$ cat final37.cif   # mmCIF, C-alpha atoms
data_target
#
loop_
_atom_site.group_PDB
_atom_site.id
_atom_site.type_symbol
_atom_site.label_atom_id
_atom_site.label_comp_id
_atom_site.auth_asym_id
_atom_site.auth_seq_id
_atom_site.Cartn_x
_atom_site.Cartn_y
_atom_site.Cartn_z
ATOM 1 C CA MET A 26 -12.351 -0.226 -25.603
ATOM 2 C CA ARG A 27 -8.660 -0.749 -26.148
ATOM 3 C CA THR A 28 -6.119 1.321 -24.277
ATOM 4 C CA THR A 29 -3.006 2.221 -26.206
ATOM 5 C CA ARG A 30 0.413 2.825 -24.753
ATOM 6 C CA LYS A 31 0.058 6.529 -25.530
ATOM 7 C CA ASP A 32 -3.270 6.727 -23.633
ATOM 8 C CA TYR A 33 -1.793 4.843 -20.696
ATOM 9 C CA LEU A 34 1.229 7.159 -20.503
ATOM 10 C CA ALA A 35 -1.046 10.211 -20.729
ATOM 11 C CA HIS A 36 -3.136 8.807 -17.865
ATOM 12 C CA ILE A 37 -0.031 8.217 -15.719
ATOM 13 C CA GLU A 38 1.236 11.727 -16.501
ATOM 14 C CA ALA A 39 -2.126 13.210 -15.477
ATOM 15 C CA LEU A 40 -2.019 11.283 -12.176
ATOM 16 C CA GLN A 41 1.536 12.511 -11.589
ATOM 17 C CA LYS A 42 0.523 16.130 -12.222
ATOM 18 C CA ARG A 43 -2.470 15.787 -9.906
ATOM 19 C CA SER A 44 -0.176 14.432 -7.169
ATOM 20 C CA ASP A 45 2.319 17.241 -7.683
ATOM 21 C CA ASP A 46 -0.470 19.829 -7.508
ATOM 22 C CA THR A 47 -1.835 18.271 -4.317
ATOM 23 C CA VAL A 48 1.604 18.312 -2.700
ATOM 24 C CA ALA A 49 2.235 21.927 -3.760
ATOM 25 C CA LYS A 50 -1.132 22.976 -2.329
ATOM 26 C CA HIS A 51 -0.438 21.297 1.016
ATOM 27 C CA ILE A 52 3.032 22.837 1.228
ATOM 28 C CA ALA A 53 1.640 26.298 0.463
ATOM 29 C CA GLU A 54 -1.046 25.889 3.126
ATOM 30 C CA ARG A 55 1.501 24.420 5.604
ATOM 31 C CA ARG A 56 -0.731 21.481 6.522
ATOM 32 C CA ALA A 57 -0.311 17.731 6.631
ATOM 33 C CA LEU A 58 -0.743 15.851 3.405
ATOM 34 C CA THR A 59 -2.566 12.880 4.911
ATOM 35 C CA PRO A 60 -3.956 13.348 8.404
ATOM 36 C CA SER A 61 -4.691 9.626 8.761
ATOM 37 C CA GLN A 62 -4.726 6.447 6.730
ATOM 38 C CA PRO A 63 -8.199 5.607 5.436
ATOM 39 C CA ASP A 64 -9.544 2.215 6.424
ATOM 40 C CA PRO A 65 -10.145 0.160 3.255
ATOM 41 C CA GLU A 66 -13.044 -1.626 4.976
ATOM 42 C CA ASP A 67 -14.991 1.638 5.339
ATOM 43 C CA ASP A 68 -16.072 1.850 1.702
ATOM 44 C CA ALA A 69 -16.017 -1.869 0.874
ATOM 45 C CA THR A 70 -19.139 -3.409 -0.584
ATOM 46 C CA PHE A 71 -20.674 -6.568 0.831
ATOM 47 C CA GLY A 72 -19.199 -8.592 -2.052
ATOM 48 C CA GLN A 73 -15.724 -7.189 -1.429
ATOM 49 C CA ARG A 74 -15.886 -7.932 2.283
ATOM 50 C CA ALA A 75 -17.163 -11.462 1.524
ATOM 51 C CA ALA A 76 -14.353 -12.035 -0.996
ATOM 52 C CA ASP A 77 -11.793 -10.862 1.562
ATOM 53 C CA ALA A 78 -13.250 -13.175 4.208
ATOM 54 C CA VAL A 79 -13.259 -16.188 1.838
ATOM 55 C CA ALA A 80 -9.672 -15.442 0.776
ATOM 56 C CA ARG A 81 -8.586 -15.008 4.389
ATOM 57 C CA PHE A 82 -10.195 -18.311 5.445
ATOM 58 C CA GLY A 83 -9.287 -20.175 2.221
ATOM 59 C CA GLY A 84 -5.639 -19.277 2.704
ATOM 60 C CA SER A 85 -5.425 -20.355 6.327
ATOM 61 C CA TRP A 86 -4.144 -23.477 8.042
ATOM 62 C CA THR A 87 -7.586 -23.896 9.602
ATOM 63 C CA PHE A 88 -9.094 -24.338 6.137
ATOM 64 C CA ILE A 89 -6.373 -26.772 5.091
ATOM 65 C CA MET A 90 -6.818 -28.890 8.234
ATOM 66 C CA LEU A 91 -10.637 -28.906 8.002
ATOM 67 C CA PHE A 92 -10.436 -29.699 4.295
ATOM 68 C CA ALA A 93 -8.039 -32.600 4.921
ATOM 69 C CA LEU A 94 -10.298 -33.878 7.723
ATOM 70 C CA VAL A 95 -13.379 -33.823 5.456
ATOM 71 C CA LEU A 96 -11.517 -35.608 2.640
ATOM 72 C CA VAL A 97 -10.143 -38.304 4.918
ATOM 73 C CA SER A 98 -13.550 -38.765 6.582
ATOM 74 C CA TRP A 99 -15.236 -39.038 3.180
ATOM 75 C CA VAL A 100 -12.788 -41.670 1.961
ATOM 76 C CA VAL A 101 -12.792 -43.664 5.234
ATOM 77 C CA LEU A 102 -16.590 -43.657 5.520
ATOM 78 C CA ASN A 103 -17.113 -44.721 1.900
ATOM 79 C CA SER A 104 -14.380 -47.337 2.072
ATOM 80 C CA PHE A 105 -15.861 -48.737 5.290
ATOM 81 C CA LEU A 106 -19.336 -48.928 3.744
ATOM 82 C CA LEU A 107 -17.853 -50.503 0.594
ATOM 83 C CA THR A 108 -16.103 -53.252 2.574
ATOM 84 C CA ARG A 109 -19.259 -54.115 4.502
ATOM 85 C CA GLY A 110 -21.192 -56.660 2.542
ATOM 86 C CA GLY A 111 -24.745 -55.300 2.557
ATOM 87 C CA ALA A 112 -24.227 -51.544 2.897
ATOM 88 C CA LYS A 113 -24.187 -49.434 -0.245
ATOM 89 C CA PRO A 114 -21.712 -46.539 -0.102
ATOM 90 C CA PHE A 115 -23.098 -43.130 -1.079
ATOM 91 C CA ASP A 116 -20.010 -42.477 -3.250
ATOM 92 C CA PRO A 117 -18.358 -45.690 -4.533
ATOM 93 C CA PHE A 118 -14.592 -46.077 -4.968
ATOM 94 C CA PRO A 119 -13.545 -43.664 -7.710
ATOM 95 C CA TYR A 120 -15.329 -41.080 -5.531
ATOM 96 C CA ILE A 121 -16.985 -39.263 -8.447
ATOM 97 C CA LEU A 122 -19.255 -37.212 -6.164
ATOM 98 C CA LEU A 123 -16.277 -36.098 -4.066
ATOM 99 C CA ASN A 124 -14.446 -35.141 -7.260
ATOM 100 C CA LEU A 125 -17.477 -33.091 -8.350
ATOM 101 C CA PHE A 126 -17.618 -31.264 -5.021
ATOM 102 C CA LEU A 127 -13.870 -30.524 -5.145
ATOM 103 C CA SER A 128 -14.174 -29.175 -8.687
ATOM 104 C CA MET A 129 -17.101 -26.965 -7.705
ATOM 105 C CA LEU A 130 -15.224 -25.673 -4.670
ATOM 106 C CA ALA A 131 -12.178 -24.836 -6.790
ATOM 107 C CA SER A 132 -14.275 -23.180 -9.502
ATOM 108 C CA ILE A 133 -15.967 -20.917 -6.944
ATOM 109 C CA GLN A 134 -13.047 -20.297 -4.611
ATOM 110 C CA ALA A 135 -10.502 -19.298 -7.270
ATOM 111 C CA PRO A 136 -12.405 -16.293 -8.703
ATOM 112 C CA VAL A 137 -13.366 -15.104 -5.221
ATOM 113 C CA ILE A 138 -9.710 -15.175 -4.149
ATOM 114 C CA LEU A 139 -8.754 -13.345 -7.355
ATOM 115 C CA MET A 140 -11.362 -10.652 -6.597
ATOM 116 C CA SER A 141 -9.850 -10.230 -3.151
ATOM 117 C CA GLN A 142 -6.340 -10.012 -4.608
ATOM 118 C CA ASN A 143 -7.489 -7.397 -7.134
ATOM 119 C CA ARG A 144 -8.988 -5.356 -4.318
ATOM 120 C CA GLN A 145 -5.790 -5.679 -2.291
ATOM 121 C CA GLY A 146 -3.824 -4.601 -5.360
ATOM 122 C CA GLU A 147 -5.973 -1.466 -5.642
ATOM 123 C CA ILE A 148 -5.434 -0.723 -1.951
ATOM 124 C CA ASP A 149 -1.682 -1.191 -2.461
ATOM 125 C CA ARG A 150 -1.744 1.204 -5.441
ATOM 126 C CA LEU A 151 -3.522 3.837 -3.353
ATOM 127 C CA ASN A 152 -1.011 3.382 -0.528
ATOM 128 C CA ALA A 153 1.879 3.662 -2.990
ATOM 129 C CA GLN A 154 0.383 6.886 -4.394
ATOM 130 C CA ASN A 155 0.008 8.198 -0.857
ATOM 131 C CA ASP A 156 3.618 7.255 -0.042
ATOM 132 C CA TYR A 157 4.815 8.991 -3.216
ATOM 133 C CA GLU A 158 3.018 12.213 -2.310
ATOM 134 C CA ILE A 159 4.363 12.164 1.247
ATOM 135 C CA ASN A 160 7.906 11.490 0.025
ATOM 136 C CA LEU A 161 7.633 14.284 -2.539
ATOM 137 C CA LYS A 162 6.413 16.700 0.114
ATOM 138 C CA ALA A 163 9.226 15.664 2.455
ATOM 139 C CA GLU A 164 11.778 16.169 -0.306
ATOM 140 C CA LEU A 165 10.429 19.642 -1.083
ATOM 141 C CA GLU A 166 10.403 20.552 2.601
ATOM 142 C CA ILE A 167 14.016 19.398 2.936
ATOM 143 C CA ILE A 168 15.003 21.514 -0.055
ATOM 144 C CA ALA A 169 13.246 24.509 1.552
ATOM 145 C CA LEU A 170 15.093 23.859 4.827
ATOM 146 C CA HIS A 171 18.414 23.721 2.979
ATOM 147 C CA GLU A 172 17.634 27.065 1.355
ATOM 148 C CA LYS A 173 16.764 28.584 4.745
ATOM 149 C CA MET A 174 19.953 27.213 6.270
ATOM 150 C CA ASP A 175 22.024 28.623 3.396
ATOM 151 C CA ALA A 176 20.356 32.022 3.828
ATOM 152 C CA PHE A 177 20.958 31.893 7.590
ATOM 153 C CA LYS A 178 24.601 30.952 7.035
ATOM 154 C CA LEU A 179 24.998 33.877 4.628
ATOM 155 C CA GLN A 180 23.451 36.204 7.208
ATOM 156 C CA LEU A 181 25.885 34.946 9.860
ATOM 157 C CA VAL A 182 28.859 35.507 7.570
ATOM 158 C CA GLU A 183 27.648 39.047 6.817
ATOM 159 C CA MET A 184 27.209 39.711 10.546
ATOM 160 C CA GLN A 185 30.722 38.417 11.236
ATOM 161 C CA HIS A 186 32.140 40.672 8.530
ATOM 162 C CA GLU A 187 30.295 43.622 10.076
ATOM 163 C CA GLN A 188 31.586 42.715 13.542
ATOM 164 C CA LEU A 189 35.138 42.405 12.222
ATOM 165 C CA ARG A 190 34.809 45.770 10.476
ATOM 166 C CA LEU A 191 33.560 47.376 13.706
ATOM 167 C CA LEU A 192 36.309 45.653 15.723
ATOM 168 C CA ASN A 193 38.953 46.879 13.286
ATOM 169 C CA ALA A 194 37.508 50.395 13.466
ATOM 170 C CA LEU A 195 37.545 50.217 17.263
ATOM 171 C CA CYS A 196 41.155 49.011 17.251
ATOM 172 C CA GLN A 197 42.089 51.811 14.869
ATOM 173 C CA ASP A 198 40.443 54.336 17.181
ATOM 174 C CA ASN A 199 42.381 52.859 20.154
ATOM 175 C CA LYS A 200 45.704 53.149 18.282
ATOM 176 C CA VAL A 201 45.021 56.733 17.327
ATOM 177 C CA THR A 202 44.157 57.719 20.906
ATOM 178 C CA THR A 203 47.171 55.990 22.492
#
$ encode --input "final37.cif" --output "C-alpha cells"
Amino acid sequence: MRTTRKDYLAHIEALQKRSDDTVAKHIAERRALTPSQPDPEDDATFGQRAADAVARFGGSWTFIMLFALVLVSWVVLNSFLLTRGGAKPFDPFPYILLNLFLSMLASIQAPVILMSQNRQGEIDRLNAQNDYEINLKAELEIIALHEKMDAFKLQLVEMQHEQLRLLNALCQDNKVTT
C-alpha cells in the first residue's frame, strides 16, 4: 500500500485536529492535560525490551572493551599456537572463523539496534505530541488570562470614572453649601 503526499497530509491534519479537540476538552473541564508521563517500558513487548537492552549494551564502552579483549585474545592465542611447531591452531592466520563470527555479530546486532532506534523514535514522537498539546493549552490559558486582565482593567477604569464623578458631585455640593 503506497501512501501519497495527500494521504499523509490528511493524516497529519487529522492528528492535529484530534490534539486541538483534546486540548479544548481539557481546558473546558479545567483539568490537567497529562497527569503524568507514561513509562515506555510498561507496554513494551519482550522483543522490544530485548532490542533496547542489546542496543544499550552494544553502544557502551563495556561492550567495546570486552569486544577488543576477545579479538586480541583470539589473535594472540591463534598466533601462539601457530608459532608452536606441533600445535594446530583452531583458526589459522587469515582468521576466517573469526571473520565469520564478526560478520554474524554485525548482521544480527545492526537490525536489533535499528529496531531499538525505531522504538525510541516512536517514543520521541509521542513525547513531541504531548509537548505540543501542553504548549497549546498553555498558550490558550495565557490568552484567557490576558482577556481576564483586560476585562479587570476596564472594570477598574469604570470604577475610577464613577469615583471621580461622585467626587466631583461631592465637591459641587460642598461649593454650593459654602
$ resolve_selection --input "final37.cif" --expression "the PyMOL selection byres ((chain A and resi 39-50) around 10)" --output "list in words"
Tyr33, Leu34, Ala35, His36, Ile37, Glu38, His51, Ile52, Ala53, Glu54, Arg55, Arg56, Ala57, Leu58, Gln154, Asn155, Tyr157, Glu158, Ile159, Asn160, Leu161, Lys162, Ala163 and Leu165 of chain A
$ write_last_selection --input "final37.cif" --atoms "C-alpha atoms" --output "mmCIF file, keeping the file's coordinate frame"
data_model
loop_
_atom_site.group_PDB
_atom_site.id
_atom_site.type_symbol
_atom_site.label_atom_id
_atom_site.label_comp_id
_atom_site.auth_asym_id
_atom_site.auth_seq_id
_atom_site.Cartn_x
_atom_site.Cartn_y
_atom_site.Cartn_z
ATOM 1 C CA TYR A 33 -1.793 4.843 -20.696
ATOM 2 C CA LEU A 34 1.229 7.159 -20.503
ATOM 3 C CA ALA A 35 -1.046 10.211 -20.729
ATOM 4 C CA HIS A 36 -3.136 8.807 -17.865
ATOM 5 C CA ILE A 37 -0.031 8.217 -15.719
ATOM 6 C CA GLU A 38 1.236 11.727 -16.501
ATOM 7 C CA HIS A 51 -0.438 21.297 1.016
ATOM 8 C CA ILE A 52 3.032 22.837 1.228
ATOM 9 C CA ALA A 53 1.640 26.298 0.463
ATOM 10 C CA GLU A 54 -1.046 25.889 3.126
ATOM 11 C CA ARG A 55 1.501 24.420 5.604
ATOM 12 C CA ARG A 56 -0.731 21.481 6.522
ATOM 13 C CA ALA A 57 -0.311 17.731 6.631
ATOM 14 C CA LEU A 58 -0.743 15.851 3.405
ATOM 15 C CA GLN A 154 0.383 6.886 -4.394
ATOM 16 C CA ASN A 155 0.008 8.198 -0.857
ATOM 17 C CA TYR A 157 4.815 8.991 -3.216
ATOM 18 C CA GLU A 158 3.018 12.213 -2.310
ATOM 19 C CA ILE A 159 4.363 12.164 1.247
ATOM 20 C CA ASN A 160 7.906 11.490 0.025
ATOM 21 C CA LEU A 161 7.633 14.284 -2.539
ATOM 22 C CA LYS A 162 6.413 16.700 0.114
ATOM 23 C CA ALA A 163 9.226 15.664 2.455
ATOM 24 C CA LEU A 165 10.429 19.642 -1.083
#
$ resolve_selection --input "final37.cif" --expression "the PyMOL selection byres ((chain A and resi 104) around 12)" --output "VMD selection string"
chain A and resid 97 to 103 105 to 110 112 to 120
$ atom_distance --input "final37.cif" --atom1 "atom CA of A:Ser141" --atom2 "atom CA of A:Ala80"
6.5 Å
$ atom_distance --input "final37.cif" --atom1 "atom CA of A:Ile148" --atom2 "atom CA of A:Arg74"
13.4 Å
$ atom_distance --input "final37.cif" --atom1 "atom CA of A:Phe177" --atom2 "atom CA of A:Ala194"
25.5 Å
